[in-house]
$ cat protein04.pdb   # PDB, C-alpha atoms
MODEL        1
ATOM      1  CA  MET A   1       0.000   0.000   0.000
ATOM      2  CA  LYS A   2       1.283   3.421  -0.964
ATOM      3  CA  ARG A   3       0.003   6.353   1.042
ATOM      4  CA  PRO A   4      -1.353   9.330  -0.935
ATOM      5  CA  ASP A   5       1.669  11.494  -0.037
ATOM      6  CA  GLY A   6       4.239   8.700  -0.386
ATOM      7  CA  ARG A   7       4.979   8.254   3.332
ATOM      8  CA  ARG A   8       5.692   4.959   5.046
ATOM      9  CA  PRO A   9       2.807   3.669   7.200
ATOM     10  CA  ASN A  10       4.682   4.528  10.432
ATOM     11  CA  GLN A  11       5.940   7.949   9.307
ATOM     12  CA  LEU A  12       4.768  11.338  10.564
ATOM     13  CA  ARG A  13       4.188  14.149   8.136
ATOM     14  CA  PRO A  14       6.917  16.821   8.124
ATOM     15  CA  ILE A  15       6.461  18.766  11.377
ATOM     16  CA  LYS A  16       7.461  22.421  11.632
ATOM     17  CA  ILE A  17       7.171  24.617  14.732
ATOM     18  CA  THR A  18       7.607  28.400  14.568
ATOM     19  CA  LYS A  19       7.705  29.887  18.055
ATOM     20  CA  ASN A  20       6.708  33.435  19.049
ATOM     21  CA  TYR A  21       4.497  33.641  15.966
ATOM     22  CA  MET A  22       2.198  36.272  17.508
ATOM     23  CA  LYS A  23       4.139  39.112  19.090
ATOM     24  CA  ASN A  24       1.394  40.241  21.500
ATOM     25  CA  ALA A  25       0.693  36.851  23.087
ATOM     26  CA  GLU A  26       2.440  35.623  26.223
ATOM     27  CA  GLY A  27       3.121  32.375  24.370
ATOM     28  CA  SER A  28       2.533  31.349  20.758
ATOM     29  CA  CYS A  29       3.570  29.149  17.869
ATOM     30  CA  LEU A  30       2.583  28.171  14.375
ATOM     31  CA  ILE A  31       2.572  24.383  14.157
ATOM     32  CA  GLU A  32       2.479  22.562  10.820
ATOM     33  CA  PHE A  33       1.673  18.890  10.351
ATOM     34  CA  GLY A  34       2.267  18.666   6.611
ATOM     35  CA  ALA A  35      -0.345  20.930   5.021
ATOM     36  CA  THR A  36      -2.249  21.357   8.303
ATOM     37  CA  LYS A  37      -1.356  24.693   9.895
ATOM     38  CA  VAL A  38      -2.583  25.902  13.282
ATOM     39  CA  ILE A  39      -1.741  29.083  15.185
ATOM     40  CA  CYS A  40      -1.681  28.414  18.934
ATOM     41  CA  THR A  41      -1.618  31.363  21.347
ATOM     42  CA  ALA A  42      -1.634  31.511  25.145
ATOM     43  CA  SER A  43      -3.109  34.497  26.992
ATOM     44  CA  VAL A  44      -2.626  35.038  30.728
ATOM     45  CA  GLU A  45      -5.694  36.492  32.450
ATOM     46  CA  GLU A  46      -6.247  37.462  36.065
ATOM     47  CA  GLY A  47      -9.107  35.589  37.705
ATOM     48  CA  VAL A  48     -10.637  32.143  37.401
ATOM     49  CA  PRO A  49     -14.092  30.672  36.698
ATOM     50  CA  PRO A  50     -16.623  31.072  39.535
ATOM     51  CA  PHE A  51     -16.217  27.494  40.778
ATOM     52  CA  LEU A  52     -12.527  28.198  41.547
ATOM     53  CA  LYS A  53     -12.823  31.635  43.165
ATOM     54  CA  GLY A  54     -11.206  31.712  46.591
ATOM     55  CA  SER A  55      -9.478  28.359  46.067
ATOM     56  CA  GLY A  56      -6.063  29.778  45.200
ATOM     57  CA  LYS A  57      -5.992  27.484  42.159
ATOM     58  CA  GLY A  58      -5.599  28.464  38.518
ATOM     59  CA  TRP A  59      -7.256  27.226  35.344
ATOM     60  CA  VAL A  60      -6.258  26.326  31.794
ATOM     61  CA  THR A  61      -8.879  26.359  29.062
ATOM     62  CA  ALA A  62      -8.939  26.297  25.260
ATOM     63  CA  GLU A  63     -10.845  27.649  22.299
ATOM     64  CA  TYR A  64     -10.679  26.259  18.759
ATOM     65  CA  GLY A  65     -11.828  27.471  15.377
ATOM     66  CA  MET A  66     -11.284  27.021  11.667
ATOM     67  CA  LEU A  67     -10.899  29.995   9.334
ATOM     68  CA  PRO A  68     -13.472  30.157   6.512
ATOM     69  CA  ARG A  69     -11.062  28.967   3.792
ATOM     70  CA  SER A  70      -8.979  26.623   5.911
ATOM     71  CA  CYS A  71     -10.500  23.712   3.950
ATOM     72  CA  THR A  72     -11.325  22.964   0.314
ATOM     73  CA  SER A  73     -14.685  24.731   0.511
ATOM     74  CA  ARG A  74     -15.610  27.757   2.624
ATOM     75  CA  ILE A  75     -16.579  27.061   6.219
ATOM     76  CA  ARG A  76     -19.128  29.411   7.779
ATOM     77  CA  ARG A  77     -17.753  31.321  10.734
ATOM     78  CA  GLU A  78     -18.651  29.183  13.707
ATOM     79  CA  LYS A  79     -20.491  30.234  16.816
ATOM     80  CA  ALA A  80     -20.134  26.997  18.778
ATOM     81  CA  SER A  81     -20.836  23.782  16.884
ATOM     82  CA  GLY A  82     -20.818  20.415  18.610
ATOM     83  CA  ARG A  83     -17.540  19.498  16.904
ATOM     84  CA  THR A  84     -15.912  22.763  17.965
ATOM     85  CA  GLU A  85     -16.977  22.339  21.600
ATOM     86  CA  GLU A  86     -15.752  18.745  21.638
ATOM     87  CA  ILE A  87     -12.303  19.743  20.344
ATOM     88  CA  GLN A  88     -12.061  22.692  22.750
ATOM     89  CA  ARG A  89     -12.799  20.402  25.697
ATOM     90  CA  LEU A  90     -10.271  17.843  24.446
ATOM     91  CA  VAL A  91      -7.499  20.434  24.110
ATOM     92  CA  GLY A  92      -8.285  21.915  27.519
ATOM     93  CA  ARG A  93      -8.341  18.501  29.260
ATOM     94  CA  SER A  94      -5.092  17.492  27.621
ATOM     95  CA  LEU A  95      -3.233  20.628  28.690
ATOM     96  CA  ARG A  96      -4.658  20.667  32.212
ATOM     97  CA  SER A  97      -3.363  17.131  32.729
ATOM     98  CA  VAL A  98       0.229  18.394  32.899
ATOM     99  CA  VAL A  99      -0.208  21.637  34.871
ATOM    100  CA  ASP A 100      -0.120  21.969  38.664
ATOM    101  CA  MET A 101      -3.046  24.345  39.162
ATOM    102  CA  ASP A 102      -2.143  24.934  42.821
ATOM    103  CA  LYS A 103       1.040  26.745  41.771
ATOM    104  CA  LEU A 104      -0.611  28.930  39.144
ATOM    105  CA  GLY A 105      -2.512  31.194  41.519
ATOM    106  CA  GLU A 106      -5.987  32.444  40.664
ATOM    107  CA  ARG A 107      -5.180  33.057  37.021
ATOM    108  CA  THR A 108      -6.532  31.627  33.788
ATOM    109  CA  ILE A 109      -4.399  30.727  30.789
ATOM    110  CA  ARG A 110      -6.529  30.664  27.670
ATOM    111  CA  ILE A 111      -5.194  28.714  24.693
ATOM    112  CA  ASP A 112      -6.572  29.766  21.291
ATOM    113  CA  CYS A 113      -6.105  27.310  18.442
ATOM    114  CA  ASP A 114      -6.935  28.822  15.041
ATOM    115  CA  VAL A 115      -6.718  26.576  12.009
ATOM    116  CA  LEU A 116      -5.238  28.409   9.032
ATOM    117  CA  GLN A 117      -5.284  25.340   6.821
ATOM    118  CA  GLY A 118      -6.785  21.935   7.530
ATOM    119  CA  ASP A 119      -5.564  18.681   6.013
ATOM    120  CA  GLY A 120      -6.417  16.238   8.790
ATOM    121  CA  GLY A 121      -5.234  16.134  12.384
ATOM    122  CA  THR A 122      -6.195  19.667  13.404
ATOM    123  CA  ARG A 123      -7.102  18.622  16.957
ATOM    124  CA  THR A 124      -3.861  16.719  17.498
ATOM    125  CA  ALA A 125      -1.837  19.620  16.080
ATOM    126  CA  SER A 126      -3.750  21.970  18.410
ATOM    127  CA  ILE A 127      -2.795  19.917  21.471
ATOM    128  CA  THR A 128       0.844  19.534  20.441
ATOM    129  CA  GLY A 129       1.255  23.209  19.546
ATOM    130  CA  GLY A 130      -0.992  24.375  22.369
ATOM    131  CA  PHE A 131       1.397  22.843  24.888
ATOM    132  CA  ILE A 132       4.308  24.836  23.450
ATOM    133  CA  ALA A 133       2.308  28.083  23.668
ATOM    134  CA  LEU A 134       1.232  27.212  27.221
ATOM    135  CA  ALA A 135       4.773  26.403  28.356
ATOM    136  CA  ASP A 136       6.130  29.643  26.898
ATOM    137  CA  ALA A 137       3.403  31.622  28.680
ATOM    138  CA  LEU A 138       4.324  29.960  31.982
ATOM    139  CA  LEU A 139       8.007  30.711  31.411
ATOM    140  CA  TRP A 140       6.999  34.325  30.709
ATOM    141  CA  MET A 141       5.070  34.410  33.993
ATOM    142  CA  GLN A 142       8.118  33.147  35.870
ATOM    143  CA  GLN A 143      10.309  35.825  34.265
ATOM    144  CA  LYS A 144       7.763  38.469  35.335
ATOM    145  CA  LYS A 145       7.877  36.990  38.894
ATOM    146  CA  MET A 146       4.169  36.184  38.775
ATOM    147  CA  ILE A 147       4.992  32.603  39.783
ATOM    148  CA  ASP A 148       7.999  31.123  41.558
ATOM    149  CA  VAL A 149       8.296  27.935  39.483
ATOM    150  CA  VAL A 150       6.920  26.799  36.142
ATOM    151  CA  PRO A 151       4.040  24.517  37.200
ATOM    152  CA  ILE A 152       4.412  21.960  34.416
ATOM    153  CA  LYS A 153       4.516  18.311  35.488
ATOM    154  CA  ASP A 154       5.259  16.762  32.096
ATOM    155  CA  PHE A 155       5.083  17.281  28.354
ATOM    156  CA  VAL A 156       1.965  16.302  26.374
ATOM    157  CA  ALA A 157       1.393  15.714  22.655
ATOM    158  CA  ALA A 158      -1.136  14.019  20.401
ATOM    159  CA  VAL A 159      -1.350  12.221  17.077
ATOM    160  CA  SER A 160      -3.871  10.371  14.934
ATOM    161  CA  VAL A 161      -3.646   6.755  13.809
ATOM    162  CA  GLY A 162      -5.984   4.639  11.733
ATOM    163  CA  VAL A 163      -6.591   1.795   9.346
ATOM    164  CA  TYR A 164      -6.406   2.919   5.724
ATOM    165  CA  GLN A 165      -6.763   0.395   2.904
ATOM    166  CA  GLY A 166      -6.248  -2.386   5.439
ATOM    167  CA  VAL A 167      -2.959  -0.984   6.799
ATOM    168  CA  ASN A 168      -2.260   0.709  10.151
ATOM    169  CA  VAL A 169      -1.035   4.238   9.451
ATOM    170  CA  LEU A 170       0.294   7.124  11.547
ATOM    171  CA  ASP A 171      -0.758  10.791  11.354
ATOM    172  CA  LEU A 172      -3.566  10.668   8.792
ATOM    173  CA  ASN A 173      -4.019  13.471   6.295
ATOM    174  CA  TYR A 174      -7.484  14.437   5.056
ATOM    175  CA  ILE A 175      -7.647  11.916   2.201
ATOM    176  CA  GLU A 176      -6.747   9.073   4.564
ATOM    177  CA  ASP A 177      -8.970  10.328   7.368
ATOM    178  CA  SER A 178     -12.006  10.651   5.109
ATOM    179  CA  LYS A 179     -11.617   7.066   3.822
ATOM    180  CA  ALA A 180     -10.246   5.314   6.913
ATOM    181  CA  ASP A 181     -11.937   2.186   8.230
ATOM    182  CA  VAL A 182     -10.731   3.024  11.746
ATOM    183  CA  ASP A 183      -9.758   6.462  13.039
ATOM    184  CA  MET A 184      -8.172   7.180  16.437
ATOM    185  CA  ASN A 185      -6.818  10.269  18.202
ATOM    186  CA  ILE A 186      -4.353   9.581  21.008
ATOM    187  CA  VAL A 187      -3.077  12.011  23.661
ATOM    188  CA  MET A 188      -0.056  10.966  25.744
ATOM    189  CA  ILE A 189       2.264  12.575  28.279
ATOM    190  CA  GLY A 190       6.040  12.286  28.371
ATOM    191  CA  ARG A 191       6.219   9.377  30.805
ATOM    192  CA  GLY A 192       4.081   7.265  28.491
ATOM    193  CA  GLU A 193       0.672   7.485  30.153
ATOM    194  CA  PHE A 194      -2.439   8.273  28.115
ATOM    195  CA  VAL A 195      -4.670  11.290  28.658
ATOM    196  CA  GLU A 196      -7.255  10.380  26.052
ATOM    197  CA  VAL A 197      -7.929   7.624  23.531
ATOM    198  CA  GLN A 198     -10.638   8.385  20.978
ATOM    199  CA  GLY A 199     -11.310   5.480  18.612
ATOM    200  CA  THR A 200     -14.042   4.986  16.032
ATOM    201  CA  GLY A 201     -14.784   2.247  13.536
ATOM    202  CA  GLU A 202     -15.745   4.509  10.643
ATOM    203  CA  GLY A 203     -16.002   1.788   7.993
ATOM    204  CA  GLY A 204     -16.067  -1.331  10.150
ATOM    205  CA  THR A 205     -15.119  -2.770  13.498
ATOM    206  CA  PHE A 206     -11.660  -3.364  14.966
ATOM    207  CA  SER A 207     -10.268  -6.048  17.251
ATOM    208  CA  GLU A 208      -8.402  -5.751  20.540
ATOM    209  CA  THR A 209      -5.240  -6.809  18.702
ATOM    210  CA  GLN A 210      -5.691  -4.023  16.139
ATOM    211  CA  MET A 211      -6.345  -1.504  18.896
ATOM    212  CA  LYS A 212      -3.127  -2.458  20.711
ATOM    213  CA  ALA A 213      -1.172  -2.181  17.453
ATOM    214  CA  LEU A 214      -2.637   1.276  16.786
ATOM    215  CA  LEU A 215      -1.800   2.422  20.317
ATOM    216  CA  ALA A 216       1.796   1.250  19.850
ATOM    217  CA  LEU A 217       1.978   3.128  16.543
ATOM    218  CA  ALA A 218       0.626   6.280  18.216
ATOM    219  CA  GLN A 219       3.198   5.961  21.018
ATOM    220  CA  LYS A 220       5.972   5.900  18.424
ATOM    221  CA  GLY A 221       4.686   9.060  16.767
ATOM    222  CA  ILE A 222       4.077  10.930  20.024
ATOM    223  CA  LYS A 223       7.586  10.143  21.263
ATOM    224  CA  GLU A 224       8.921  11.846  18.117
ATOM    225  CA  LEU A 225       6.656  14.851  18.750
ATOM    226  CA  LEU A 226       7.826  15.073  22.367
ATOM    227  CA  ILE A 227      11.431  15.267  21.149
ATOM    228  CA  LEU A 228      10.488  18.204  18.894
ATOM    229  CA  GLN A 229       8.696  19.924  21.772
ATOM    230  CA  ARG A 230      11.746  19.574  24.015
ATOM    231  CA  LYS A 231      13.969  21.076  21.320
ATOM    232  CA  ASN A 232      11.654  24.076  21.162
ATOM    233  CA  LEU A 233      11.337  24.455  24.930
ATOM    234  CA  SER A 234      14.905  24.499  26.183
ATOM    235  CA  GLY A 235      13.766  26.589  29.162
ATOM    236  CA  LEU A 236      12.109  23.502  30.656
ATOM    237  CA  SER A 237      14.750  21.354  32.309
ATOM    238  CA  PHE A 238      12.865  18.162  33.220
TER     239      PHE A 238
ENDMDL
END

$ encode --input "protein04.pdb" --output "structure tokens"
Amino acid sequence: MKRPDGRRPNQLRPIKITKNYMKNAEGSCLIEFGATKVICTASVEEGVPPFLKGSGKGWVTAEYGMLPRSCTSRIRREKASGRTEEIQRLVGRSLRSVVDMDKLGERTIRIDCDVLQGDGGTRTASITGGFIALADALLWMQQKKMIDVVPIKDFVAAVSVGVYQGVNVLDLNYIEDSKADVDMNIVMIGRGEFVEVQGTGEGGTFSETQMKALLALAQKGIKELLILQRKNLSGLSF
């Protein structure tokens, strides 16, 4: 089986990370998974949601959106579709899993993920790039003496895997994603534990053996993404 873009089944698309992409944000990057391009920004805000007021704890949340011509046909500017809300919650959960909220103080860090161009994997690119923007914002806060230590417990990244034309493949582009028999999105932290496993039999069912093989393939890809994150976040020593 030859993949549409010529990659090997276990090969990521070319990944490019451009840090400090937005000059006014406390943390930002442009992350590219092949033709998929997402701007991730982190904004530091004083205050927390009502359920955290008086607790001394902080909060990390996310918003996600696709620009009208990020895909092959124009997308209407979204208010809050079910898909958008699902992805926002996924990104927020993933990033919160590696932040010690007790050390953040009563502040909110809002991660905005704006898709400039979509070619599959926009949610996994948003998590991977969103972590870089978040980490840079926390480093900025430490430099401004808003916090004593950077309250990050581990790195986190995400990738898609699936079954395309009967073969397990890593990091699906749009053509593969739209025709995949099985599609999964995996979120994992640096020490190898999973934050989220989303798996769907789009064109059929899948066995426990197939699921384990797809998880192993995702682990391989995420480990490569974690290495790229570390290269771009030299200020984090762990």

$ residues_around --input "protein04.pdb" --residues "Leu12 (chain A)" --least-positions-apart "3" --cutoff "8 Å" --atoms "only C-alpha atoms" --output "ChimeraX atom specification"
/A:7,15,170-171,221

$ closest_residue --input "protein04.pdb" --among "A:Arg3, A:Ile31, A:Glu26, A:Arg76" --to "Asn232 (chain A)" --atoms "all atoms listed in the file"
A:Ile31

$ resolve_selection --input "protein04.pdb" --expression "the PyMOL selection byres ((chain A and resi 70) around 10)" --output "list of chain:residue names"
A:Thr36, A:Lys37, A:Val38, A:Gly65, A:Met66, A:Leu67, A:Pro68, A:Arg69, A:Cys71, A:Thr72, A:Ser73, A:Arg74, A:Ile75, A:Asp114, A:Val115, A:Leu116, A:Gln117, A:Gly118, A:Asp119

$ write_last_selection --input "protein04.pdb" --atoms "C-alpha atoms" --output "short mmCIF file (atom, residue, chain, number, x, y, z; two decimals), in the coordinates of the input"
data_model
loop_
_atom_site.label_atom_id
_atom_site.label_comp_id
_atom_site.auth_asym_id
_atom_site.auth_seq_id
_atom_site.Cartn_x
_atom_site.Cartn_y
_atom_site.Cartn_z
CA THR A 36 -2.25 21.36 8.30
CA LYS A 37 -1.36 24.69 9.90
CA VAL A 38 -2.58 25.90 13.28
CA GLY A 65 -11.83 27.47 15.38
CA MET A 66 -11.28 27.02 11.67
CA LEU A 67 -10.90 30.00 9.33
CA PRO A 68 -13.47 30.16 6.51
CA ARG A 69 -11.06 28.97 3.79
CA CYS A 71 -10.50 23.71 3.95
CA THR A 72 -11.32 22.96 0.31
CA SER A 73 -14.68 24.73 0.51
CA ARG A 74 -15.61 27.76 2.62
CA ILE A 75 -16.58 27.06 6.22
CA ASP A 114 -6.94 28.82 15.04
CA VAL A 115 -6.72 26.58 12.01
CA LEU A 116 -5.24 28.41 9.03
CA GLN A 117 -5.28 25.34 6.82
CA GLY A 118 -6.78 21.94 7.53
CA ASP A 119 -5.56 18.68 6.01
#

$ atom_distance --input "protein04.pdb" --atom1 "CA of Thr84 (chain A)" --atom2 "CA of Val98 (chain A)"
22.4 Å

$ resolve_selection --input "protein04.pdb" --expression "the PyMOL selection byres ((chain A and resi 207-217) around 10)" --output "number ranges by chain"
A: 9-11, 159-163, 168-171, 182-186, 194, 197, 199, 205-206, 218-222

$ residues_around --input "protein04.pdb" --residues "Asp181 (chain A)" --least-positions-apart "6" --cutoff "8 Å" --atoms "only C-alpha atoms" --output "PyMOL selection string"
chain A and resi 162-166+201-205

$ atom_distance --input "protein04.pdb" --atom1 "CA of Pro49 (chain A)" --atom2 "CA of Thr108 (chain A)"
8.2 Å

$ residues_around --input "protein04.pdb" --residues "Arg96 (chain A)" --least-positions-apart "5" --cutoff "12 Å" --atoms "all atoms listed in the file" --output "PDB file with C-alpha atoms, in the coordinates of the input"
ATOM      1  CA  GLY A  58      -5.599  28.464  38.518  1.00  0.00           C
ATOM      2  CA  TRP A  59      -7.256  27.226  35.344  1.00  0.00           C
ATOM      3  CA  VAL A  60      -6.258  26.326  31.794  1.00  0.00           C
ATOM      4  CA  THR A  61      -8.879  26.359  29.062  1.00  0.00           C
ATOM      5  CA  ALA A  62      -8.939  26.297  25.260  1.00  0.00           C
ATOM      6  CA  ARG A  89     -12.799  20.402  25.697  1.00  0.00           C
ATOM      7  CA  LEU A  90     -10.271  17.843  24.446  1.00  0.00           C
ATOM      8  CA  VAL A  91      -7.499  20.434  24.110  1.00  0.00           C
ATOM      9  CA  MET A 101      -3.046  24.345  39.162  1.00  0.00           C
ATOM     10  CA  ASP A 102      -2.143  24.934  42.821  1.00  0.00           C
ATOM     11  CA  LEU A 104      -0.611  28.930  39.144  1.00  0.00           C
ATOM     12  CA  THR A 108      -6.532  31.627  33.788  1.00  0.00           C
ATOM     13  CA  ILE A 109      -4.399  30.727  30.789  1.00  0.00           C
ATOM     14  CA  ARG A 110      -6.529  30.664  27.670  1.00  0.00           C
ATOM     15  CA  ILE A 111      -5.194  28.714  24.693  1.00  0.00           C
ATOM     16  CA  ILE A 127      -2.795  19.917  21.471  1.00  0.00           C
ATOM     17  CA  GLY A 130      -0.992  24.375  22.369  1.00  0.00           C
ATOM     18  CA  PHE A 131       1.397  22.843  24.888  1.00  0.00           C
ATOM     19  CA  LEU A 134       1.232  27.212  27.221  1.00  0.00           C
ATOM     20  CA  ALA A 135       4.773  26.403  28.356  1.00  0.00           C
ATOM     21  CA  PRO A 151       4.040  24.517  37.200  1.00  0.00           C
ATOM     22  CA  ILE A 152       4.412  21.960  34.416  1.00  0.00           C
ATOM     23  CA  LYS A 153       4.516  18.311  35.488  1.00  0.00           C
ATOM     24  CA  ASP A 154       5.259  16.762  32.096  1.00  0.00           C
ATOM     25  CA  PHE A 155       5.083  17.281  28.354  1.00  0.00           C
ATOM     26  CA  VAL A 156       1.965  16.302  26.374  1.00  0.00           C
ATOM     27  CA  ILE A 189       2.264  12.575  28.279  1.00  0.00           C
ATOM     28  CA  VAL A 195      -4.670  11.290  28.658  1.00  0.00           C
TER      29      VAL A 195
END

$ atom_distance --input "protein04.pdb" --atom1 "CA of Tyr64 (chain A)" --atom2 "CA of Cys113 (chain A)"
4.7 Å

$ closest_residue --input "protein04.pdb" --among "A:Ala158, A:Val150, A:Leu236, A:Leu138" --to "Glu45 (chain A)" --atoms "only C-alpha atoms"
A:Leu138

$ decode --input "protein04.pdb" --residues "region 82-91 of chain A" --atoms "all heavy atoms" --output "compact mmCIF listing (two decimals), in the first residue's frame"
# COMPACT_ATOMS: atom_id res chain seq x y z
N GLY A 82 -21.14 21.55 17.75
CA GLY A 82 -20.82 20.42 18.61
C GLY A 82 -19.38 19.94 18.43
O GLY A 82 -18.70 19.63 19.41
N ARG A 83 -18.92 19.92 17.18
CA ARG A 83 -17.54 19.50 16.90
C ARG A 83 -16.55 20.46 17.55
O ARG A 83 -15.56 20.05 18.16
CB ARG A 83 -17.30 19.43 15.40
CG ARG A 83 -15.85 19.11 15.02
CD ARG A 83 -15.66 19.07 13.51
NE ARG A 83 -14.27 18.78 13.16
CZ ARG A 83 -13.32 19.69 13.04
NH1 ARG A 83 -13.60 20.98 13.26
NH2 ARG A 83 -12.08 19.34 12.71
N THR A 84 -16.81 21.76 17.40
CA THR A 84 -15.91 22.76 17.96
C THR A 84 -15.83 22.62 19.48
O THR A 84 -14.74 22.63 20.07
CB THR A 84 -16.40 24.17 17.60
OG1 THR A 84 -16.34 24.33 16.18
CG2 THR A 84 -15.53 25.24 18.25
N GLU A 85 -16.96 22.47 20.14
CA GLU A 85 -16.98 22.34 21.60
C GLU A 85 -16.25 21.08 22.04
O GLU A 85 -15.54 21.09 23.05
CB GLU A 85 -18.41 22.35 22.11
CG GLU A 85 -19.09 23.70 21.97
CD GLU A 85 -20.46 23.74 22.62
OE1 GLU A 85 -20.95 22.66 23.04
OE2 GLU A 85 -21.04 24.82 22.71
N GLU A 86 -16.43 20.00 21.30
CA GLU A 86 -15.75 18.75 21.64
C GLU A 86 -14.23 18.91 21.58
O GLU A 86 -13.50 18.49 22.47
CB GLU A 86 -16.18 17.63 20.68
CG GLU A 86 -15.50 16.30 20.95
CD GLU A 86 -15.12 15.55 19.67
OE1 GLU A 86 -15.68 15.84 18.61
OE2 GLU A 86 -14.23 14.68 19.78
N ILE A 87 -13.75 19.56 20.50
CA ILE A 87 -12.30 19.74 20.34
C ILE A 87 -11.77 20.69 21.41
O ILE A 87 -10.70 20.45 21.98
CB ILE A 87 -11.98 20.25 18.93
CG1 ILE A 87 -12.31 19.15 17.90
CG2 ILE A 87 -10.50 20.65 18.82
CD1 ILE A 87 -12.16 19.58 16.45
N GLN A 88 -12.50 21.76 21.71
CA GLN A 88 -12.06 22.69 22.75
C GLN A 88 -11.90 21.97 24.08
O GLN A 88 -10.92 22.17 24.81
CB GLN A 88 -13.07 23.83 22.89
CG GLN A 88 -13.07 24.78 21.70
CD GLN A 88 -14.11 25.87 21.80
OE1 GLN A 88 -14.09 26.82 21.03
NE2 GLN A 88 -15.02 25.78 22.73
N ARG A 89 -12.87 21.14 24.43
CA ARG A 89 -12.80 20.40 25.70
C ARG A 89 -11.62 19.44 25.69
O ARG A 89 -10.93 19.28 26.70
CB ARG A 89 -14.11 19.66 25.95
CG ARG A 89 -15.27 20.59 26.31
CD ARG A 89 -16.42 19.80 26.92
NE ARG A 89 -17.01 18.88 25.96
CZ ARG A 89 -18.04 19.17 25.18
NH1 ARG A 89 -18.61 20.37 25.26
NH2 ARG A 89 -18.53 18.27 24.35
N LEU A 90 -11.39 18.79 24.55
CA LEU A 90 -10.27 17.84 24.45
C LEU A 90 -8.93 18.55 24.64
O LEU A 90 -8.07 18.08 25.39
CB LEU A 90 -10.30 17.15 23.08
CG LEU A 90 -9.07 16.29 22.72
CD1 LEU A 90 -8.92 15.13 23.71
CD2 LEU A 90 -9.16 15.80 21.29
N VAL A 91 -8.75 19.69 23.98
CA VAL A 91 -7.50 20.43 24.11
C VAL A 91 -7.32 20.90 25.55
O VAL A 91 -6.24 20.76 26.14
CB VAL A 91 -7.46 21.63 23.14
CG1 VAL A 91 -6.18 22.45 23.35
CG2 VAL A 91 -7.53 21.15 21.68
